[in-house]
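Here the structure comes first, spelled out in structure tokens, and everything after it is commentary.
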Amino acid sequence: MTVSPEAHAGGVTTRTGGEDVVVRIDALHKSFGEKQVLRGIDLEVRSGEVVCVIGPSGSGKSTLLRCVNLLEEPTGGSIEVLGTEVTDPDVDIDHVRTHVGMVFQQFNLFTHRTVLDNCTMAQRTVLRRSRAEAERVARENLARVGLAGTESLMPAQLSGGMQQRVAIARALSMDPQLMLFDEPTSALDPELVGDVLGVMRDLAEGGMTMIVVTHEMAFAREVGDRVVFMDGGVVVEDGPADEVIGAPREERTREFLQRVLDPTHRHDDQGAGGPGTSG
Amino acid sequence: MQYAALVAAVVVVAVATDWTRVGTQLFNPAVAADMAASLPVALKNTVVYTLAAFAIGLSLGTVLALMRLSSVGPYRWIATLYIEFFRGIPALLVVIAFGYAVPIALGVRIESVIAKAGLALGMVSAAYIAETLRAGIQAVPKGQVEAARSLGMSPTRTLVQVVIPQAFRIVLPPMTNELILLTKDTSLISVVGLLPTQFDLTKVGRDMLNSATGGLTALFVVGACYLVITIPLGLVARWLERRTGGGSRP
């Protein structure tokens, strides 16, 4: 258990084709019992890219994200993350997850530990960093998300927005090469959303590779390099953020965007001219 | 006015009670003084028997709880069988079994009373503790496990560092109950025969019952001794609960 396989140790070792592909998803299928949630997803994410996944609830976007670090086990197809085939039954998934940060809708901070402990626990047990080193990294990342000084607080003492930023700092403390965000602002009060999105924007500008499942269209358009629109377990549209949100090609994308961006005007039937980006 | 019934009841009881007899037979200072010498040892023995039983109950109970949550069928079945069996029979039977049946069946005599008490009561309480722990572990939100696993922590590390500490807080109140019940169940031990130095509180009290006028005083003395153990236990548990309460779910 202590000797992690040196063979993988380098992190990114993209061996197959396309120089800097961080995630390659091929014909991904996922069913829960009879229910098919993902029905053949192909997706590639390159190093430094910010890919926003949008779509109606039940479209499978969270499931897709959770398949990338194997929180859900795919029922078909293959996923390669940082050069490792995570769908291989013999994969050392803990090792892959060490390099992939995940941020959840419900924050999922360890409620029994302080903010600082939340950020050092995995560093110490998984990366085997010394206490001093782990705390240094944690403090650095807490400062980065604007939460220096909260180290000794318990998660329950923080607002939702602060908890989510701690969750981001916790993930960043592992020095991930890819960050997954699963509707990170959906559980927040509206006035707290901005801080979290701000942190994510900084992260994106710093060159982090990110996959973001979100309902924040303004964020997707502004920060996302690419936007993927999913519906019914398939990718309907995948392209540059401005095009997919500003001038969608697919009818289904248009309908969805219209519902999201202007929920009160149900019968305004053409939104292609470029719907305003409401908050 | 609402208190009229209460006041009336108290007056009736006070009038109906023969206070002289209560004084000599139920609260006889001479009897209490007689017992005083043997109480410290009995108190200590009761605590030791309880701790031995709890240590065994907690370790075995943890194993059983994990077995019940196991994905391996036979582990689950064995644990379920054990729990149903030991939860369903009186603790007294198990104590007697350890005192008489086990020595005959296995040909080994358990000499130490502490071991006998620990094993017999511990095996019974393990059944209850296992169920409490299982419920506690299952009450830890799934997101906590997902967060730990997505940071690269192994299933075992996740269990030890995230799930069990949080389950501990959840099970603290029912666990306190279990410890208090165990304290009182040590009174069953005396059926297997004890030397005076091994007496528990109840045994000391029962021996006094017939020996003197006012023997019933022993009941009250012994009862008070149990409270001396159990009330602080409850206070410590509440303090622990408060101390770990900072992590309560929003």
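The way I read the labels, and the way they are meant: chains A, B, ... in the order of the structure tokens, residue 1 as the first residue of every chain, and ligand 1 as the first ligand shown, with later ones counted on from there.
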Write out as a PDB file with C-alpha atoms, in the first residue's frame each polymer residue whose atoms come within 9 Å of A:Leu257, counting only C-alpha atoms; drop sequence neighbours fewer than 2 positions from it.
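Output below, filename part.pdb:
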```pdb
ATOM      1  CA  GLY A  55     -28.227  20.654 -20.403  1.00  0.00           C
ATOM      2  CA  MET A 217     -24.774  30.349 -18.757  1.00  0.00           C
ATOM      3  CA  ILE A 245     -24.564  29.675 -26.360  1.00  0.00           C
ATOM      4  CA  PRO A 248     -26.631  27.390 -31.334  1.00  0.00           C
ATOM      5  CA  ARG A 252     -32.833  21.449 -28.963  1.00  0.00           C
ATOM      6  CA  THR A 253     -29.981  23.670 -27.779  1.00  0.00           C
ATOM      7  CA  ARG A 254     -31.928  26.762 -28.778  1.00  0.00           C
ATOM      8  CA  GLU A 255     -35.020  25.633 -26.901  1.00  0.00           C
ATOM      9  CA  ARG A 259     -35.945  28.310 -21.305  1.00  0.00           C
ATOM     10  CA  VAL A 260     -32.881  28.927 -19.140  1.00  0.00           C
ATOM     11  CA  LEU A 261     -32.120  32.490 -20.169  1.00  0.00           C
ATOM     12  CA  ASP A 262     -35.637  33.816 -20.357  1.00  0.00           C
ATOM     13  CA  GLY A 271     -33.624  33.069 -29.690  1.00  0.00           C
ATOM     14  CA  PRO A 275     -29.957  35.792 -26.072  1.00  0.00           C
TER      15      PRO A 275
END
```
| task | Hey, list the chain B side of the contact with chain A: 12 Å cut-off, only C-alpha atoms, answer as number ranges by chain. | result | B: 140-158, 160-170, 243-250
| Long-range neighbours of B:Ala36 as number ranges by chain, 12 Å cut-off, only C-alpha atoms, 5 positions minimum in chain | B: 29-31, 41-43, 201, 204-205, 208, 218, 221-222, 225
| request: Taking the chain letters and numbering used in this document, name the residues of stretch 203-247 of chain A that DSSP puts in strand (DSSP E or B), as a list in words. | output: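 Result set for stretch 203-247 of chain A (strand (DSSP E or B)): Met210, Ile211, Val212, Val213, Arg226, Val227, Val228, Phe229, Met230, Asp231, Val234, Val235, Val236, Glu237, Asp238, Gly239 and Pro240 of chain A.
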Generate the output file for the selected residues, N, CA, C and O atoms, as a PDB file, in the first residue's frame.
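Output file part.pdb is given in full below:
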```
ATOM      1  N   MET A 210     -10.303  22.120 -16.901  1.00  0.00           N
ATOM      2  CA  MET A 210     -11.515  22.000 -16.097  1.00  0.00           C
ATOM      3  C   MET A 210     -12.684  21.459 -16.907  1.00  0.00           C
ATOM      4  O   MET A 210     -12.867  21.819 -18.063  1.00  0.00           O
ATOM      5  N   ILE A 211     -13.479  20.596 -16.270  1.00  0.00           N
ATOM      6  CA  ILE A 211     -14.778  20.222 -16.821  1.00  0.00           C
ATOM      7  C   ILE A 211     -15.809  20.689 -15.804  1.00  0.00           C
ATOM      8  O   ILE A 211     -15.752  20.318 -14.634  1.00  0.00           O
ATOM      9  N   VAL A 212     -16.724  21.537 -16.267  1.00  0.00           N
ATOM     10  CA  VAL A 212     -17.660  22.176 -15.350  1.00  0.00           C
ATOM     11  C   VAL A 212     -19.089  21.881 -15.778  1.00  0.00           C
ATOM     12  O   VAL A 212     -19.511  22.297 -16.853  1.00  0.00           O
ATOM     13  N   VAL A 213     -19.804  21.146 -14.955  1.00  0.00           N
ATOM     14  CA  VAL A 213     -21.232  20.962 -15.195  1.00  0.00           C
ATOM     15  C   VAL A 213     -21.920  22.133 -14.514  1.00  0.00           C
ATOM     16  O   VAL A 213     -21.741  22.349 -13.311  1.00  0.00           O
ATOM     17  N   ARG A 226     -14.973  25.776 -24.375  1.00  0.00           N
ATOM     18  CA  ARG A 226     -15.950  25.013 -25.148  1.00  0.00           C
ATOM     19  C   ARG A 226     -17.180  24.776 -24.302  1.00  0.00           C
ATOM     20  O   ARG A 226     -17.101  24.689 -23.083  1.00  0.00           O
ATOM     21  N   VAL A 227     -18.305  24.677 -24.973  1.00  0.00           N
ATOM     22  CA  VAL A 227     -19.527  24.310 -24.276  1.00  0.00           C
ATOM     23  C   VAL A 227     -20.087  23.055 -24.922  1.00  0.00           C
ATOM     24  O   VAL A 227     -20.122  22.937 -26.149  1.00  0.00           O
ATOM     25  N   VAL A 228     -20.472  22.104 -24.082  1.00  0.00           N
ATOM     26  CA  VAL A 228     -21.077  20.864 -24.552  1.00  0.00           C
ATOM     27  C   VAL A 228     -22.517  20.857 -24.087  1.00  0.00           C
ATOM     28  O   VAL A 228     -22.787  20.980 -22.891  1.00  0.00           O
ATOM     29  N   PHE A 229     -23.446  20.754 -25.021  1.00  0.00           N
ATOM     30  CA  PHE A 229     -24.851  20.677 -24.629  1.00  0.00           C
ATOM     31  C   PHE A 229     -25.309  19.224 -24.688  1.00  0.00           C
ATOM     32  O   PHE A 229     -25.184  18.567 -25.718  1.00  0.00           O
ATOM     33  N   MET A 230     -25.800  18.722 -23.565  1.00  0.00           N
ATOM     34  CA  MET A 230     -26.269  17.343 -23.498  1.00  0.00           C
ATOM     35  C   MET A 230     -27.766  17.301 -23.307  1.00  0.00           C
ATOM     36  O   MET A 230     -28.350  18.141 -22.627  1.00  0.00           O
ATOM     37  N   ASP A 231     -28.375  16.280 -23.905  1.00  0.00           N
ATOM     38  CA  ASP A 231     -29.796  16.051 -23.689  1.00  0.00           C
ATOM     39  C   ASP A 231     -30.070  14.574 -23.930  1.00  0.00           C
ATOM     40  O   ASP A 231     -29.541  13.993 -24.884  1.00  0.00           O
ATOM     41  N   VAL A 234     -27.032  12.024 -24.607  1.00  0.00           N
ATOM     42  CA  VAL A 234     -26.087  12.175 -25.719  1.00  0.00           C
ATOM     43  C   VAL A 234     -25.613  13.629 -25.795  1.00  0.00           C
ATOM     44  O   VAL A 234     -26.257  14.531 -25.264  1.00  0.00           O
ATOM     45  N   VAL A 235     -24.479  13.818 -26.472  1.00  0.00           N
ATOM     46  CA  VAL A 235     -23.999  15.173 -26.716  1.00  0.00           C
ATOM     47  C   VAL A 235     -24.713  15.691 -27.947  1.00  0.00           C
ATOM     48  O   VAL A 235     -24.579  15.133 -29.029  1.00  0.00           O
ATOM     49  N   VAL A 236     -25.480  16.745 -27.784  1.00  0.00           N
ATOM     50  CA  VAL A 236     -26.242  17.294 -28.900  1.00  0.00           C
ATOM     51  C   VAL A 236     -25.390  18.292 -29.665  1.00  0.00           C
ATOM     52  O   VAL A 236     -25.395  18.340 -30.892  1.00  0.00           O
ATOM     53  N   GLU A 237     -24.654  19.098 -28.934  1.00  0.00           N
ATOM     54  CA  GLU A 237     -23.851  20.119 -29.582  1.00  0.00           C
ATOM     55  C   GLU A 237     -22.577  20.348 -28.778  1.00  0.00           C
ATOM     56  O   GLU A 237     -22.591  20.339 -27.556  1.00  0.00           O
ATOM     57  N   ASP A 238     -21.475  20.530 -29.491  1.00  0.00           N
ATOM     58  CA  ASP A 238     -20.181  20.674 -28.831  1.00  0.00           C
ATOM     59  C   ASP A 238     -19.377  21.659 -29.665  1.00  0.00           C
ATOM     60  O   ASP A 238     -19.118  21.419 -30.842  1.00  0.00           O
ATOM     61  N   GLY A 239     -19.047  22.805 -29.097  1.00  0.00           N
ATOM     62  CA  GLY A 239     -18.301  23.784 -29.881  1.00  0.00           C
ATOM     63  C   GLY A 239     -17.807  24.921 -29.012  1.00  0.00           C
ATOM     64  O   GLY A 239     -17.974  24.902 -27.794  1.00  0.00           O
ATOM     65  N   PRO A 240     -17.222  25.934 -29.636  1.00  0.00           N
ATOM     66  CA  PRO A 240     -16.748  27.099 -28.890  1.00  0.00           C
ATOM     67  C   PRO A 240     -17.909  27.713 -28.100  1.00  0.00           C
ATOM     68  O   PRO A 240     -19.045  27.748 -28.587  1.00  0.00           O
TER      69      PRO A 240
END
```
| request: Just list the residues in stretch 2-212 of chain B DSSP gives alpha helix (DSSP H) on the backbone, as an MDAnalysis selection string. | output: chainID B and resid 4:16 19:21 29:36 39:68 73:88 91:96 102:106 113:139 142:150 155:158 164:185 201:209
